[in-house]
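Trainee: What follows is upload_35.txt; its format and atoms are compact mmCIF, C-alpha atoms.
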```txt
# COMPACT_ATOMS: atom_id res chain seq x y z
CA MET A 23 -21.35 -2.88 4.49
CA TRP A 24 -18.99 -3.73 7.34
CA LYS A 25 -16.18 -4.67 4.96
CA GLU A 26 -16.63 -1.50 2.91
CA LEU A 27 -16.40 0.68 6.01
CA ALA A 28 -13.63 -1.24 7.74
CA ALA A 29 -10.66 0.26 5.89
CA ILE A 30 -11.64 3.92 6.22
CA GLY A 31 -9.42 5.83 8.63
CA ARG A 32 -7.64 2.74 9.93
CA ASN A 33 -4.04 3.23 11.03
CA ALA A 34 -1.74 0.53 9.71
CA ASP A 35 0.57 0.65 12.71
CA SER A 36 -1.93 0.56 15.58
CA GLY A 37 -4.81 -1.20 13.85
CA GLY A 38 -7.08 1.46 15.39
CA TYR A 39 -9.21 4.13 13.75
CA ARG A 40 -8.49 7.83 13.39
CA ARG A 41 -11.74 9.18 12.01
CA TYR A 42 -11.68 12.74 13.33
CA ALA A 43 -14.23 15.44 12.54
CA TRP A 44 -13.81 17.34 9.29
CA THR A 45 -10.81 15.33 8.07
CA PRO A 46 -10.41 13.23 4.89
CA ALA A 47 -11.30 10.07 6.84
CA ASP A 48 -14.49 11.74 8.06
CA ALA A 49 -15.30 12.74 4.47
CA GLU A 50 -14.88 9.12 3.33
CA CYS A 51 -17.23 7.94 6.07
CA ARG A 52 -19.78 10.54 4.97
CA ASP A 53 -19.49 9.41 1.36
CA TRP A 54 -20.05 5.83 2.50
CA PHE A 55 -23.21 6.89 4.36
CA THR A 56 -24.54 8.74 1.33
CA ALA A 57 -23.84 5.75 -0.91
CA GLN A 58 -25.70 3.39 1.44
CA ALA A 59 -28.70 5.72 1.60
CA THR A 60 -28.79 6.29 -2.15
CA ALA A 61 -28.58 2.56 -2.88
CA ARG A 62 -31.75 2.09 -0.81
CA GLY A 63 -33.67 4.95 -2.40
CA LEU A 64 -33.53 7.08 0.73
CA ALA A 65 -33.56 10.87 0.53
CA CYS A 66 -30.23 12.25 1.79
CA GLU A 67 -30.13 15.44 3.77
CA LEU A 68 -27.35 17.39 5.48
CA ASP A 69 -28.50 19.59 8.33
CA ARG A 70 -27.05 22.94 9.36
CA ASN A 71 -24.69 21.27 11.86
CA GLY A 72 -23.19 18.73 9.48
CA ASN A 73 -25.29 15.77 10.64
CA GLN A 74 -26.37 13.39 7.86
CA TRP A 75 -29.94 12.13 7.50
CA ALA A 76 -31.35 9.43 5.24
CA TRP A 77 -35.15 9.55 5.02
CA LEU A 78 -37.81 7.00 4.12
CA GLY A 79 -41.08 8.89 3.87
CA ASP A 80 -41.82 12.59 4.21
CA PRO A 81 -39.77 14.30 6.95
CA ALA A 82 -42.31 17.10 7.15
CA ALA A 83 -45.03 14.65 8.16
CA GLY A 84 -43.70 14.64 11.70
CA ASP A 85 -43.69 11.96 14.40
CA ALA A 86 -40.78 10.25 12.67
CA VAL A 87 -38.90 7.27 14.07
CA VAL A 88 -35.15 7.83 13.82
CA THR A 89 -32.26 5.48 14.42
CA GLY A 90 -28.52 5.67 13.85
CA SER A 91 -25.36 6.70 15.69
CA HIS A 92 -21.98 8.13 14.58
CA LEU A 93 -19.01 7.16 12.38
CA ASP A 94 -16.15 9.16 13.93
CA SER A 95 -13.69 7.66 16.43
CA VAL A 96 -11.44 8.37 19.37
CA PRO A 97 -7.68 8.24 18.65
CA ASP A 98 -6.89 4.65 17.62
CA GLY A 99 -10.41 3.59 18.52
CA GLY A 100 -12.21 0.37 17.73
CA ALA A 101 -14.36 -0.55 14.76
CA PHE A 102 -17.68 -0.92 16.60
CA ASP A 103 -18.20 2.18 18.74
CA GLY A 104 -20.60 4.22 16.63
CA PRO A 105 -20.37 2.45 13.26
CA LEU A 106 -22.17 -0.65 14.57
CA GLY A 107 -25.23 1.53 15.18
CA VAL A 108 -25.17 3.05 11.71
CA VAL A 109 -24.53 -0.22 9.87
CA SER A 110 -27.19 -1.98 11.94
CA SER A 111 -29.70 0.75 11.09
CA PHE A 112 -29.31 0.18 7.35
CA ALA A 113 -29.39 -3.60 7.92
CA ALA A 114 -32.55 -3.34 10.04
CA LEU A 115 -34.25 -1.38 7.26
CA ASP A 116 -33.22 -4.09 4.78
CA GLU A 117 -34.67 -6.71 7.11
CA LEU A 118 -38.00 -4.90 7.41
CA ARG A 119 -38.26 -4.56 3.67
CA ARG A 120 -37.53 -8.28 3.37
CA ARG A 121 -40.43 -8.90 5.75
CA GLY A 122 -42.70 -6.69 3.63
CA ALA A 123 -43.27 -4.21 6.45
CA ARG A 124 -45.62 -1.28 5.77
CA PHE A 125 -44.44 1.97 7.30
CA THR A 126 -47.04 4.31 8.76
CA ARG A 127 -44.54 6.86 10.13
CA PRO A 128 -41.51 8.44 8.45
CA VAL A 129 -38.23 6.69 9.27
CA ALA A 130 -34.73 8.14 9.19
CA ILE A 131 -31.17 6.95 9.71
CA VAL A 132 -28.76 9.55 11.09
CA ASN A 133 -25.00 9.93 11.29
CA PHE A 134 -24.24 12.52 13.96
CA GLY A 135 -21.02 14.47 13.46
CA ASP A 136 -18.12 14.66 15.91
CA GLU A 137 -19.66 12.46 18.60
CA GLU A 138 -16.36 11.43 20.15
CA GLY A 139 -14.89 14.91 20.41
CA ALA A 140 -11.43 13.56 19.54
CA ARG A 141 -10.37 16.63 17.58
CA PHE A 142 -11.90 19.58 19.44
CA GLY A 143 -12.17 18.14 22.94
CA LEU A 144 -15.96 18.26 23.27
CA ALA A 145 -18.11 15.17 22.73
CA CYS A 146 -21.38 15.09 20.76
CA VAL A 147 -20.84 18.40 18.98
CA GLY A 148 -23.34 17.65 16.20
CA SER A 149 -26.19 16.64 18.49
CA ARG A 150 -25.34 19.33 21.08
CA LEU A 151 -25.62 22.03 18.43
CA SER A 152 -28.91 20.67 17.12
CA ALA A 153 -30.40 20.44 20.61
CA GLY A 154 -29.24 23.94 21.54
CA ARG A 155 -26.91 22.60 24.22
CA LEU A 156 -23.89 24.15 22.50
CA THR A 157 -24.17 27.70 21.26
CA ARG A 158 -22.73 28.99 18.02
CA GLU A 159 -20.33 31.19 19.98
CA GLN A 160 -19.13 28.26 22.08
CA ALA A 161 -18.66 26.13 18.97
CA PHE A 162 -16.67 28.84 17.23
CA ALA A 163 -14.29 28.96 20.19
CA LEU A 164 -13.36 25.27 19.88
CA THR A 165 -9.85 24.56 18.59
CA ASP A 166 -7.90 21.39 17.90
CA GLY A 167 -4.38 20.53 19.02
CA GLU A 168 -2.88 22.47 16.10
CA GLY A 169 -4.86 25.61 16.86
CA ILE A 170 -7.32 25.13 14.00
CA THR A 171 -10.77 26.39 14.93
CA LEU A 172 -13.96 24.44 14.32
CA PRO A 173 -15.22 26.97 11.74
CA ARG A 174 -11.95 26.81 9.82
CA ALA A 175 -12.03 22.99 9.85
CA MET A 176 -15.61 22.98 8.54
CA GLU A 177 -14.71 25.43 5.77
CA SER A 178 -11.72 23.32 4.76
CA ALA A 179 -14.05 20.34 4.46
CA GLY A 180 -16.48 22.30 2.28
CA TYR A 181 -19.15 23.15 4.85
CA ASP A 182 -20.61 26.47 5.96
CA PRO A 183 -19.85 27.14 9.64
CA ASP A 184 -22.04 30.26 9.67
CA ALA A 185 -25.12 28.04 9.43
CA ILE A 186 -24.56 26.09 12.65
CA GLY A 187 -26.90 26.43 15.60
CA ALA A 188 -29.98 25.05 17.34
CA ASP A 189 -32.36 23.15 15.07
CA PRO A 190 -35.65 22.85 16.99
CA GLU A 191 -37.78 22.58 13.86
CA ARG A 192 -35.95 19.44 12.76
CA LEU A 193 -36.06 17.82 16.20
CA ALA A 194 -39.79 18.62 16.45
CA ARG A 195 -40.37 16.28 13.50
CA ILE A 196 -39.03 13.32 15.49
CA GLY A 197 -41.33 11.22 17.65
CA ALA A 198 -38.66 8.79 18.86
CA PHE A 199 -34.92 8.23 18.51
CA VAL A 200 -33.45 4.77 19.17
CA GLU A 201 -29.67 4.35 19.12
CA LEU A 202 -28.03 0.93 18.90
CA HIS A 203 -24.52 0.72 20.34
CA ILE A 204 -21.99 -1.88 21.38
CA GLU A 205 -21.98 -2.16 25.17
CA GLN A 206 -18.97 -0.32 26.57
CA GLY A 207 -18.54 -2.77 29.41
CA ARG A 208 -19.45 -6.43 29.76
CA ALA A 209 -22.55 -6.58 31.93
CA LEU A 210 -24.34 -8.51 29.15
CA ALA A 211 -21.44 -10.94 28.79
CA LEU A 212 -21.11 -11.89 32.47
CA PRO A 213 -23.08 -14.81 33.93
CA GLY A 214 -26.09 -13.61 35.85
CA GLU A 215 -29.42 -11.87 35.42
CA ASN A 216 -28.11 -9.45 32.77
CA ALA A 217 -26.57 -12.11 30.54
CA ALA A 218 -28.03 -11.62 27.05
CA GLN A 219 -27.11 -10.70 23.50
CA VAL A 220 -29.04 -7.40 23.60
CA GLY A 221 -30.01 -5.06 26.42
CA LEU A 222 -31.68 -1.69 27.01
CA ALA A 223 -30.24 1.43 28.59
CA SER A 224 -31.74 2.81 31.78
CA ALA A 225 -29.55 5.86 32.25
CA ILE A 226 -26.25 7.54 31.37
CA TRP A 227 -24.08 8.49 34.30
CA PRO A 228 -23.26 12.18 34.80
CA HIS A 229 -19.80 12.86 33.44
CA GLY A 230 -17.39 15.62 32.53
CA ARG A 231 -13.88 16.64 31.54
CA TRP A 232 -11.62 18.88 33.60
CA ARG A 233 -8.27 20.37 32.54
CA PHE A 234 -5.57 20.61 35.21
CA ASP A 235 -2.75 23.06 34.38
CA PHE A 236 0.33 22.66 36.59
CA ARG A 237 2.75 25.56 35.99
CA GLY A 238 6.30 25.31 37.28
CA GLU A 239 9.71 26.45 36.11
CA ALA A 240 11.61 25.04 33.15
CA ASN A 241 15.20 24.15 33.94
CA HIS A 242 18.06 21.79 33.11
CA ALA A 243 17.40 18.19 34.14
CA GLY A 244 21.06 17.49 34.73
CA THR A 245 22.25 20.56 36.61
CA THR A 246 19.31 21.67 38.77
CA ARG A 247 19.35 20.38 42.34
CA LEU A 248 16.21 18.53 43.41
CA ALA A 249 15.73 21.05 46.20
CA ASP A 250 15.78 23.93 43.70
CA ARG A 251 13.17 22.54 41.35
CA ARG A 252 9.59 23.63 40.73
CA ASP A 253 8.70 20.55 38.72
CA PRO A 254 4.99 20.40 37.70
CA MET A 255 5.30 16.74 36.73
CA LEU A 256 5.46 15.72 40.39
CA PRO A 257 2.11 17.16 41.55
CA TYR A 258 0.56 15.96 38.30
CA ALA A 259 1.72 12.38 38.96
CA GLU A 260 0.45 12.53 42.54
CA THR A 261 -2.89 13.85 41.29
CA VAL A 262 -3.25 10.92 38.88
CA LEU A 263 -2.90 8.54 41.83
CA ALA A 264 -5.31 10.63 43.89
CA ALA A 265 -7.92 10.36 41.13
CA ARG A 266 -7.69 6.58 41.18
CA ARG A 267 -7.94 6.51 44.98
CA GLU A 268 -10.95 8.83 45.18
CA ALA A 269 -12.79 7.00 42.41
CA GLU A 270 -12.35 3.69 44.22
CA LEU A 271 -13.70 5.18 47.45
CA ALA A 272 -16.80 6.55 45.71
CA GLY A 273 -17.50 3.59 43.42
CA ALA A 274 -16.95 5.88 40.44
CA VAL A 275 -14.38 6.15 37.66
CA ALA A 276 -11.73 8.82 37.09
CA THR A 277 -9.07 8.85 34.39
CA PHE A 278 -6.24 11.10 33.33
CA GLY A 279 -5.94 9.89 29.75
CA LYS A 280 -4.43 12.88 27.97
CA ILE A 281 -1.37 14.96 28.83
CA ALA A 282 0.56 17.83 27.24
CA VAL A 283 4.00 18.85 28.44
CA GLU A 284 6.09 21.95 27.73
CA PRO A 285 8.84 22.14 26.62
CA ASN A 286 8.58 18.34 26.33
CA GLY A 287 12.31 17.62 26.31
CA VAL A 288 13.99 14.55 27.76
CA ASN A 289 16.65 16.64 29.49
CA ALA A 290 14.35 19.47 30.56
CA ILE A 291 12.29 20.01 33.68
CA PRO A 292 8.82 20.97 32.41
CA SER A 293 7.40 24.45 32.75
CA LEU A 294 3.85 23.22 32.18
CA VAL A 295 2.09 19.89 32.59
CA ARG A 296 -1.48 19.92 31.39
CA GLY A 297 -3.62 16.87 32.12
CA TRP A 298 -7.25 16.16 31.34
CA LEU A 299 -9.43 14.36 33.87
CA ASP A 300 -12.44 12.35 32.74
CA SER A 301 -14.71 11.38 35.62
CA ARG A 302 -18.08 9.64 35.78
CA ALA A 303 -20.33 8.31 38.54
CA ALA A 304 -23.76 6.78 39.02
CA ASP A 305 -25.11 10.01 40.53
CA GLN A 306 -24.21 13.67 40.75
CA ARG A 307 -23.27 13.58 44.43
CA ASP A 308 -20.64 10.91 43.94
CA LEU A 309 -19.24 12.68 40.88
CA ASP A 310 -18.94 15.95 42.80
CA THR A 311 -17.27 14.12 45.68
CA VAL A 312 -14.62 12.63 43.40
CA VAL A 313 -13.83 15.76 41.40
CA ASP A 314 -13.74 18.00 44.49
CA ALA A 315 -11.39 15.60 46.26
CA VAL A 316 -9.09 15.37 43.24
CA ARG A 317 -9.00 19.15 42.97
CA ARG A 318 -8.13 19.55 46.67
CA SER A 319 -5.38 16.96 46.37
CA ALA A 320 -3.97 18.68 43.29
CA GLU A 321 -3.94 22.03 45.09
CA GLU A 322 -2.12 20.49 48.05
CA TYR A 323 0.48 18.77 45.88
CA ALA A 324 1.04 21.87 43.73
CA ALA A 325 1.62 24.05 46.78
CA ARG A 326 4.06 21.52 48.24
CA HIS A 327 6.20 21.68 45.08
CA GLY A 328 5.95 25.44 44.51
CA VAL A 329 3.77 24.96 41.45
CA GLU A 330 0.77 27.01 40.34
CA LEU A 331 -2.48 25.26 39.46
CA ASP A 332 -5.50 26.16 37.35
CA VAL A 333 -8.48 23.83 36.94
CA VAL A 334 -10.98 24.40 34.14
CA ARG A 335 -14.13 22.38 33.52
CA GLU A 336 -14.22 21.94 29.75
CA SER A 337 -17.42 19.94 29.43
CA PHE A 338 -20.15 18.43 31.57
CA THR A 339 -23.23 16.29 30.98
CA PRO A 340 -25.70 15.70 33.82
CA VAL A 341 -27.32 12.34 34.47
CA VAL A 342 -29.64 11.17 31.68
CA GLU A 343 -32.62 9.08 32.69
CA PHE A 344 -34.12 7.60 29.55
CA GLY A 345 -37.89 8.06 29.53
CA ASP A 346 -39.89 5.20 30.98
CA ALA A 347 -42.60 5.34 28.31
CA LEU A 348 -40.37 4.63 25.31
CA ARG A 349 -38.18 2.17 27.22
CA ASP A 350 -41.28 0.30 28.41
CA GLU A 351 -42.57 0.20 24.84
CA LEU A 352 -39.26 -1.28 23.64
CA THR A 353 -39.36 -3.80 26.49
CA ARG A 354 -42.84 -4.85 25.37
CA ILE A 355 -41.78 -5.13 21.72
CA LEU A 356 -38.63 -7.13 22.45
CA GLY A 357 -40.24 -9.29 25.11
CA THR A 358 -43.11 -10.65 23.02
CA ASP A 359 -41.43 -14.07 22.79
CA GLY A 360 -41.44 -14.37 26.58
CA GLY A 361 -37.79 -13.43 27.01
CA ARG A 362 -36.56 -10.79 29.46
CA VAL A 363 -34.57 -7.83 28.17
CA PRO A 364 -31.89 -6.65 30.62
CA VAL A 365 -31.94 -2.96 31.52
CA LEU A 366 -28.63 -1.42 32.57
CA GLY A 367 -26.94 1.91 33.08
CA THR A 368 -23.79 3.11 31.36
CA GLY A 369 -20.96 5.49 32.08
CA ALA A 370 -20.50 6.36 28.40
CA GLY A 371 -22.05 9.43 26.79
CA HIS A 372 -24.09 9.19 23.59
CA ASP A 373 -26.03 11.35 21.17
CA ALA A 374 -29.21 9.71 22.50
CA GLY A 375 -28.43 11.19 25.89
CA ILE A 376 -27.93 14.68 24.45
CA LEU A 377 -31.26 14.51 22.60
CA SER A 378 -33.17 13.12 25.58
CA GLU A 379 -34.19 16.59 26.80
CA SER A 380 -35.70 17.41 23.41
CA LEU A 381 -37.50 14.20 22.43
CA PRO A 382 -38.13 10.59 23.54
CA THR A 383 -34.92 8.55 23.23
CA ALA A 384 -33.83 5.01 24.01
CA MET A 385 -30.77 2.81 23.51
CA LEU A 386 -30.10 -0.80 22.62
CA PHE A 387 -26.82 -2.41 23.68
CA VAL A 388 -25.15 -5.32 21.87
CA ARG A 389 -23.07 -7.72 23.93
CA ASN A 390 -19.32 -7.06 24.16
CA PRO A 391 -17.51 -10.24 25.31
CA THR A 392 -14.41 -8.48 26.68
CA GLY A 393 -15.90 -5.15 27.67
CA VAL A 394 -13.05 -3.38 25.84
CA SER A 395 -13.94 -0.09 24.14
CA HIS A 396 -12.07 2.89 22.67
CA SER A 397 -9.39 0.42 21.59
CA PRO A 398 -8.58 -1.67 18.51
CA ALA A 399 -9.41 -4.71 20.69
CA GLU A 400 -13.07 -3.67 20.79
CA PHE A 401 -15.15 -6.57 19.46
CA ALA A 402 -18.58 -8.12 19.13
CA GLU A 403 -19.41 -11.57 17.78
CA GLU A 404 -21.22 -11.65 14.45
CA ASP A 405 -24.13 -13.57 15.98
CA ASP A 406 -24.56 -10.84 18.57
CA CYS A 407 -24.41 -8.14 15.92
CA VAL A 408 -27.10 -9.95 13.94
CA ALA A 409 -29.20 -10.25 17.10
CA GLY A 410 -28.85 -6.50 17.49
CA VAL A 411 -30.03 -5.92 13.93
CA MET A 412 -33.05 -8.15 14.47
CA ALA A 413 -33.89 -6.42 17.74
CA LEU A 414 -33.63 -3.00 16.08
CA ALA A 415 -35.79 -4.22 13.18
CA ASP A 416 -38.41 -5.40 15.67
CA VAL A 417 -38.30 -2.05 17.44
CA LEU A 418 -38.68 -0.07 14.21
CA LYS A 419 -41.52 -2.32 13.14
CA GLY A 420 -43.27 -1.87 16.47
CA LEU A 421 -42.89 1.91 16.40
CA ALA A 422 -43.25 2.79 12.71
CA CYS A 423 -45.20 0.03 10.96
CA THR A 424 -48.73 -1.31 10.89
```
Please go through the file and, once you have read it, give me the structure as structure tokens.
Mentor:
Amino acid sequence: MWKELAAIGRNADSGGYRRYAWTPADAECRDWFTAQATARGLACELDRNGNQWAWLGDPAAGDAVVTGSHLDSVPDGGAFDGPLGVVSSFAALDELRRRGARFTRPVAIVNFGDEEGARFGLACVGSRLSAGRLTREQAFALTDGEGITLPRAMESAGYDPDAIGADPERLARIGAFVELHIEQGRALALPGENAAQVGLASAIWPHGRWRFDFRGEANHAGTTRLADRRDPMLPYAETVLAARREAELAGAVATFGKIAVEPNGVNAIPSLVRGWLDSRAADQRDLDTVVDAVRRSAEEYAARHGVELDVVRESFTPVVEFGDALRDELTRILGTDGGRVPVLGTGAGHDAGILSESLPTAMLFVRNPTGVSHSPAEFAEEDDCVAGVMALADVLKGLACT
């Protein structure tokens, strides 16, 4: 399975993946998912929001156990973030069938659409729509970098955008959702009490994305005196450094990872510098402290350079505390051999976090030796991936089998 999926959407120059929502690469990933489900005799289903489901047993029976993740990527992302969870779900089902497991609850594997938000700037679109945490009107307002709206992109890919919206009936059928994911960090790989091949998630840090628009005055780079300039690049650069400083003080993270410049000429002073801040912290208070301090710094720097500033919060996800009951049940299942399963928090958002308000959710993490993620260097050893499959198989057996 891994080899079949590996070539889809991979850029020959960077070695990274460009699997964006509603593109040909996304369509190939969806075809791969359907082929895997069909080969196993699973019933394939596409929901109103473009999420793919592969069912073993009757979905209408309720109290289903669902696993899976996503197949899309960030720009030039790695091979494991998302796909490892989907591949491992099919492999775990194969393992349970090899063991002769008897299922007493329906089981499904899901591929959530547009989890990374690489094209339209909002993460977890598929699960947000299903959970009612993104309205149809809000979704219709999303556009990509070329001005293409989400509805138009869906139509171009052969889907009906008029059908999107909250899907409470479907979510009500699910008794538990367990998502396996490569750890986006290296807590499991470092020596110490958390060292292990597989761990459990305790919580997802609150996080959000803010757009900073610095508006100055376009002018000639060679003829305009420094004293006469209203250069928005200067307060932007100072704000980037302020974000790093404030994050360090609060024990949080803050990153300006995307920038757009107009007119974007080598010999032109910009008229607009637009930068996107991604910030995350262990609790809401620290996150607010960082973002407020960055905003104040940006306002001060903009005023100093005669530049106007607008700050827009484009997305936000509050802290997610995974339910104790399901996590404790997974701890019991995975700890039957006497071993201890590390429990750790994460700063990365996931579909499991979005669904946590609607149904019991949990996450398994597979060890990442370097901690690198959202990069072609992202990697997990095969032995660790197999350990993840076996852990997920044990979890599914404990939750859905006699």
Trainee: Can you pull out the residues contacting range 387-393 of chain A? Cut-off 6 Å, using all atoms listed in the file, and skip same-chain residues under 2 positions away; I want them as JSON, numbers by chain.
Mentor: {"A": [202, 203, 204, 205, 206, 207, 208, 210, 211, 219, 220, 221, 222, 402, 410]}
Trainee: Using only C-alpha atoms, find each residue of range 227-256 of chain A with at least one atom at most 9 Å away from an atom of range 362-378 of chain A; report its shortest atom-to-atom pair and that distance in Å (one decimal), sort the rows by chain and rising residue number, and return the result as JSON lines.
Mentor:
```
{"residue": "A:Trp227", "atom": "CA", "partner": "A:Gly369", "partner_atom": "CA", "distance": 4.9}
{"residue": "A:Pro228", "atom": "CA", "partner": "A:Gly369", "partner_atom": "CA", "distance": 7.6}
{"residue": "A:His229", "atom": "CA", "partner": "A:Gly369", "partner_atom": "CA", "distance": 7.6}
```
Trainee: Given the choices A:Ala34, A:Asn216, A:Pro382, A:Glu404, which gets closest to Ala194 in chain A if the distance is worked out from only C-alpha atoms?
Mentor: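 That would be A:Pro382, the residue with the smallest distance to Ala194 in chain A.
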Trainee: If we count all atoms listed in the file, what is near Arg302 in chain A at a cut-off of 10 Å, once residues fewer than 4 positions away on the same chain are taken out, given as a VMD selection string?
Mentor: chain A and resid 226 to 231 269 273 to 277 306 308 to 310 312 to 313 338 to 341 368 to 371
Trainee: Output the selection as a PDB file, in the frame of the given file - C-alpha atoms for each residue.
Mentor:
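New file result30.pdb:
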```
ATOM      1  CA  ILE A 226     -26.250   7.540  31.370  1.00  0.00           C
ATOM      2  CA  TRP A 227     -24.080   8.490  34.300  1.00  0.00           C
ATOM      3  CA  PRO A 228     -23.260  12.180  34.800  1.00  0.00           C
ATOM      4  CA  HIS A 229     -19.800  12.860  33.440  1.00  0.00           C
ATOM      5  CA  GLY A 230     -17.390  15.620  32.530  1.00  0.00           C
ATOM      6  CA  ARG A 231     -13.880  16.640  31.540  1.00  0.00           C
ATOM      7  CA  ALA A 269     -12.790   7.000  42.410  1.00  0.00           C
ATOM      8  CA  GLY A 273     -17.500   3.590  43.420  1.00  0.00           C
ATOM      9  CA  ALA A 274     -16.950   5.880  40.440  1.00  0.00           C
ATOM     10  CA  VAL A 275     -14.380   6.150  37.660  1.00  0.00           C
ATOM     11  CA  ALA A 276     -11.730   8.820  37.090  1.00  0.00           C
ATOM     12  CA  THR A 277      -9.070   8.850  34.390  1.00  0.00           C
ATOM     13  CA  GLN A 306     -24.210  13.670  40.750  1.00  0.00           C
ATOM     14  CA  ASP A 308     -20.640  10.910  43.940  1.00  0.00           C
ATOM     15  CA  LEU A 309     -19.240  12.680  40.880  1.00  0.00           C
ATOM     16  CA  ASP A 310     -18.940  15.950  42.800  1.00  0.00           C
ATOM     17  CA  VAL A 312     -14.620  12.630  43.400  1.00  0.00           C
ATOM     18  CA  VAL A 313     -13.830  15.760  41.400  1.00  0.00           C
ATOM     19  CA  PHE A 338     -20.150  18.430  31.570  1.00  0.00           C
ATOM     20  CA  THR A 339     -23.230  16.290  30.980  1.00  0.00           C
ATOM     21  CA  PRO A 340     -25.700  15.700  33.820  1.00  0.00           C
ATOM     22  CA  VAL A 341     -27.320  12.340  34.470  1.00  0.00           C
ATOM     23  CA  THR A 368     -23.790   3.110  31.360  1.00  0.00           C
ATOM     24  CA  GLY A 369     -20.960   5.490  32.080  1.00  0.00           C
ATOM     25  CA  ALA A 370     -20.500   6.360  28.400  1.00  0.00           C
ATOM     26  CA  GLY A 371     -22.050   9.430  26.790  1.00  0.00           C
TER      27      GLY A 371
END
```
Trainee: Would you work out the distance separating CA of Gln160 in chain A from CA of Gly180 in chain A, expressed in Å to one decimal?
Mentor: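 Distance between the two atoms: 20.8 Å.
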Trainee: With all atoms listed in the file as the basis for distance, which of A:Leu271, A:Leu164, A:Leu256, A:Val108 is at the shortest distance from Ala325 in chain A?
Mentor: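 Going through A:Leu271, A:Leu164, A:Leu256, A:Val108 one by one, the smallest distance to Ala325 in chain A is for A:Leu256.
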Trainee: In Å, rounded to a single decimal, give me how far CA of Leu156 in chain A is from CA of Gly187 in chain A.
Mentor: 7.9 Å
Trainee: Give me, please, the distance in Å between CA of Trp54 in chain A and CA of Gly420 in chain A, quoted to one decimal.
Mentor: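 Taking CA of Trp54 in chain A as the start and CA of Gly420 in chain A as the end point, the length is 28.2 Å.
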Trainee: Using all atoms listed in the file, list the residues that have an atom at most 10 Å from (-8.3, 21.6, 15.0), coordinates as in the file, as a ChimeraX atom specification.
Mentor: /A:42-45,140-143,164-176
Trainee: Could you check the closest approach to Asp182 in chain A for each of A:Ser224, A:Asn71, A:Thr89, A:Ser110 and tell me which residue wins, using only C-alpha atoms?
Mentor: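 For Asp182 in chain A, the nearest of the candidates is A:Asn71.
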